[in-house]
2 protein chains.
Amino acid sequence: MKIAVSGKGGVGKTTIASALIKSFSETHQTVYAIDGDPDACLAAAIGIPAKMYAGIKPVVEMGEQIRSVSGGGAFYTLNPTIDDSVLEEFSHRHGNIIFMRMGDIKKGGSQCYCRENTFLQALVSLLLLDKNEAVIMDMGAGIEHLSRGTARGVDMMLVVVEPSRNSVNTAINVKKMASELGIERIRIVGNKIRSEKEREFIDKSFQPGEVLGFISFNNDIWENSMDPESPKAAVDLLEGMRDVREKILGEVGGF
Amino acid sequence: MKIAVSGKGGVGKTTIASALIKSFSETHQTVYAIDGDPDACLAAAIGIPAKMYAGIKPVVEMGEQIRSVSGGGAFYTLNPTIDDSVLEEFSHRHGNIIFMRMGDIKKGGSQCYCRENTFLQALVSLLLLDKNEAVIMDMGAGIEHLSRGTARGVDMMLVVVEPSRNSVNTAINVKKMASELGIERIRIVGNKIRSEKEREFIDKSFQPGEVLGFISFNNDIWENSMDPESPKAAVDLLEGMRDVREKILGEVGGF
């Protein structure tokens, strides 16, 4: 099962993705956690210390390595499966979570992240998963990863929204673009909910069955957000995400 | 004076940019408000109705038009000044604010926004301003507009942060990349401040003199964010931005 997490900047994509990763790590043998945002903080959110993070090679370099060895043909030589030893070199194992990151911070004015996105798309498409393995990708803010097609081939696009018109508008754009990418299941998670009115606002903005669940506004997350160390585990959040996980398994297929 | 507004997704870039645009429109004859984020809401924030917004041609199409007329040579034929009638075709006048947007929503999987960013950079560089004119650009979330160099040539990069470690980390990346781009003045605005502790957290994260001001957490903005119409003018916010404007004018030069 492969899931991409998307949405407007600041809605809590990384928080939701990390809670989902932790939740799936309870039920699945291996969870691949992939950070698709160069302005990244997924590693910290799942508890990987900053020092360790700095040493993890971005997967885009895997493409370069393969290219230099194969003398061209780019990353398609990955096919049909990705060699485990290569995967190991470009990932970090954290319990039963295998963390990977798309790309590194670049120099100002040096270039775009097109190559990184292209390689990530190929990598995720080619990952052959067992029934008890899952991939969760945290995408960049906004819509460019969709126009680029980075998440092509995932089983579900999970769009995080907060109770604001702008975040719903982004979600509507994401839905349209994800559907143009051929992604069949596009689902919503409402985040930072503080009242029944806010819950209803999100519920009414989408079709029946599209909204998988709601996560309450969590003051602890805000309070802890100045802490330089990894965020404190938000038990309530994880609880809410277990329900979402069960709904995802019901739709995409458990094991 | 040309200013780009940057920062992590969700910190309030568009809110701060729109308050700054309104504030400069009080002191300057013309303010160019440029939306550099394809997942856009700057137009709504400055009071342009959604219906009108849909009719505004993205500036990237200006490049195509010039290219098709000139038969190549791309947008450099714009040099040394941009013809007023062309500008008019690709902008919308709202009082003394001239609104422009970088690009449109694309089809899923169709392409990146590299061309849009390249053209926007050329356009903003070539805009020759009178002393009583200002350009405020609202950039996309995160750091890719910096690696692309979209804001090259602005007089100031204004980085919005909220009291969270992640938004400060993004600001530190933005500072480094903006400086690599050759932008000399990189300044911080603290947003969504709810306590003295939060204010201090931001103040201590940067060098003395870097932080231009603080904007308090504004519950009205949150409450109004579900409203489908343009946000209610937040008087407090505008008040705070007037102080920031004076500091900017002190640094970049008033008239």
# chains A, B, ... in the order shown; residues from 1 in each chain; ligands from 1
$ interface_residues --of "chain B" --to "chain A" --cutoff "8 Å" --atoms "only C-alpha atoms" --output "ChimeraX atom specification"
/B:8-11,38-39,41,105-114,141-144,146-150,152,163-166,170,173,176-181,201,222,225-228
$ write_last_selection --atoms "C-alpha atoms" --output "PDB file, in the first residue's frame"
ATOM      1  CA  LYS B   8       7.450  28.007   5.738  1.00  0.00           C
ATOM      2  CA  GLY B   9       3.995  26.926   4.604  1.00  0.00           C
ATOM      3  CA  GLY B  10       1.250  28.138   6.926  1.00  0.00           C
ATOM      4  CA  VAL B  11       3.181  30.856   8.794  1.00  0.00           C
ATOM      5  CA  PRO B  38       0.366  28.950  -8.154  1.00  0.00           C
ATOM      6  CA  ASP B  39      -1.663  27.655  -5.182  1.00  0.00           C
ATOM      7  CA  CYS B  41      -4.846  33.327  -2.397  1.00  0.00           C
ATOM      8  CA  ILE B 105      -3.227  25.776 -12.002  1.00  0.00           C
ATOM      9  CA  LYS B 106      -1.899  23.060 -14.329  1.00  0.00           C
ATOM     10  CA  LYS B 107      -3.125  19.587 -15.159  1.00  0.00           C
ATOM     11  CA  GLY B 108      -1.869  16.814 -12.860  1.00  0.00           C
ATOM     12  CA  GLY B 109       1.349  15.306 -14.231  1.00  0.00           C
ATOM     13  CA  SER B 110       1.716  17.931 -16.942  1.00  0.00           C
ATOM     14  CA  GLN B 111       4.821  19.857 -15.876  1.00  0.00           C
ATOM     15  CA  CYS B 112       6.753  21.909 -13.319  1.00  0.00           C
ATOM     16  CA  TYR B 113       6.579  25.672 -12.732  1.00  0.00           C
ATOM     17  CA  CYS B 114      10.166  26.380 -13.820  1.00  0.00           C
ATOM     18  CA  ALA B 141       5.882  27.975   0.576  1.00  0.00           C
ATOM     19  CA  GLY B 142       9.281  26.566   1.398  1.00  0.00           C
ATOM     20  CA  ILE B 143      12.582  27.010  -0.373  1.00  0.00           C
ATOM     21  CA  GLU B 144      12.281  26.053  -4.038  1.00  0.00           C
ATOM     22  CA  LEU B 146      15.108  30.348  -3.644  1.00  0.00           C
ATOM     23  CA  SER B 147      16.971  27.492  -5.294  1.00  0.00           C
ATOM     24  CA  ARG B 148      15.305  28.671  -8.505  1.00  0.00           C
ATOM     25  CA  GLY B 149      16.358  32.259  -7.880  1.00  0.00           C
ATOM     26  CA  THR B 150      12.862  33.662  -8.493  1.00  0.00           C
ATOM     27  CA  ARG B 152      16.852  37.529  -7.399  1.00  0.00           C
ATOM     28  CA  PRO B 163       6.856  30.606  17.096  1.00  0.00           C
ATOM     29  CA  SER B 164       7.832  27.097  16.028  1.00  0.00           C
ATOM     30  CA  ARG B 165      11.234  25.468  15.636  1.00  0.00           C
ATOM     31  CA  ASN B 166      10.320  24.259  12.117  1.00  0.00           C
ATOM     32  CA  THR B 170      13.010  27.224   7.303  1.00  0.00           C
ATOM     33  CA  ASN B 173      17.561  28.096   5.242  1.00  0.00           C
ATOM     34  CA  LYS B 176      21.303  31.436   3.686  1.00  0.00           C
ATOM     35  CA  MET B 177      19.860  30.858   0.214  1.00  0.00           C
ATOM     36  CA  ALA B 178      18.687  34.475  -0.206  1.00  0.00           C
ATOM     37  CA  SER B 179      22.163  35.658   0.700  1.00  0.00           C
ATOM     38  CA  GLU B 180      23.621  33.259  -1.917  1.00  0.00           C
ATOM     39  CA  LEU B 181      21.227  34.887  -4.383  1.00  0.00           C
ATOM     40  CA  PHE B 201      11.896  32.573  21.236  1.00  0.00           C
ATOM     41  CA  TRP B 222      -8.826  32.256  12.238  1.00  0.00           C
ATOM     42  CA  SER B 225     -10.986  31.867   7.578  1.00  0.00           C
ATOM     43  CA  MET B 226     -14.040  29.746   6.760  1.00  0.00           C
ATOM     44  CA  ASP B 227     -15.780  32.715   5.155  1.00  0.00           C
ATOM     45  CA  PRO B 228     -15.990  32.246   1.361  1.00  0.00           C
TER      46      PRO B 228
END
$ residues_around --residues "A:Ser91" --least-positions-apart "4" --cutoff "7 Å" --atoms "only C-alpha atoms" --output "number ranges by chain"
A: 56, 87, 98-100
$ write_last_selection --atoms "C-alpha atoms" --output "tab-separated table (two decimals), in the first residue's frame"
chain	number	residue	atom	x	y	z
A	56	ILE	CA	21.13	10.28	5.43
A	87	LEU	CA	18.13	0.93	-0.58
A	98	ILE	CA	12.63	2.88	6.87
A	99	PHE	CA	13.11	6.61	6.35
A	100	MET	CA	14.17	8.15	3.02
$ select_by_dssp --residues "stretch 2-238 of chain A" --states "strand (DSSP E or B)" --output "MDAnalysis selection string"
chainID A and resid 2:6 30:36 92:94 97:101 133:139 156:161 185:193 211:216
$ residues_around --residues "B:Ile215" --least-positions-apart "2" --cutoff "10 Å" --atoms "only C-alpha atoms" --output "list in words"
Ile16, Glu162, Val189, Gly190, Asn191, Lys192, Ile193, Arg194, Arg199, Gly213, Phe217, Asn218, Asp236, Leu237, Leu238, Glu239, Gly240, Met241 and Val244 of chain B
$ write_last_selection --atoms "C-alpha atoms" --output "short mmCIF file (atom, residue, chain, number, x, y, z; two decimals), in the first residue's frame"
data_model
loop_
_atom_site.label_atom_id
_atom_site.label_comp_id
_atom_site.auth_asym_id
_atom_site.auth_seq_id
_atom_site.Cartn_x
_atom_site.Cartn_y
_atom_site.Cartn_z
CA ILE B 16 1.51 39.48 6.06
CA GLU B 162 5.71 31.73 13.65
CA VAL B 189 8.64 39.28 10.88
CA GLY B 190 7.34 37.20 13.79
CA ASN B 191 3.70 36.23 13.30
CA LYS B 192 0.93 34.61 15.44
CA ILE B 193 2.58 35.70 18.69
CA ARG B 194 0.53 34.75 21.78
CA ARG B 199 8.26 36.63 21.17
CA GLY B 213 8.50 43.40 14.19
CA PHE B 217 -2.03 35.99 17.03
CA ASN B 218 -5.30 37.25 15.66
CA ASP B 236 -4.79 45.32 14.48
CA LEU B 237 -2.78 43.51 11.87
CA LEU B 238 -2.58 46.55 9.62
CA GLU B 239 -1.50 48.63 12.63
CA GLY B 240 1.40 46.28 13.30
CA MET B 241 2.38 46.29 9.65
CA VAL B 244 7.15 47.20 9.91
#
$ atom_distance --atom1 "atom CA of B:Val135" --atom2 "atom CA of B:Phe24"
9.4 Å
$ residues_around --residues "B:Glu89" --least-positions-apart "3" --cutoff "12 Å" --atoms "only C-alpha atoms" --output "list in words"
Gly55, Ile56, Lys57, Pro58, Val59, Glu61, Met62, Gln65, Ile82, Asp83, Asp84, Ser85, Val86, His92, Arg93, Ile98, Phe99 and Met100 of chain B
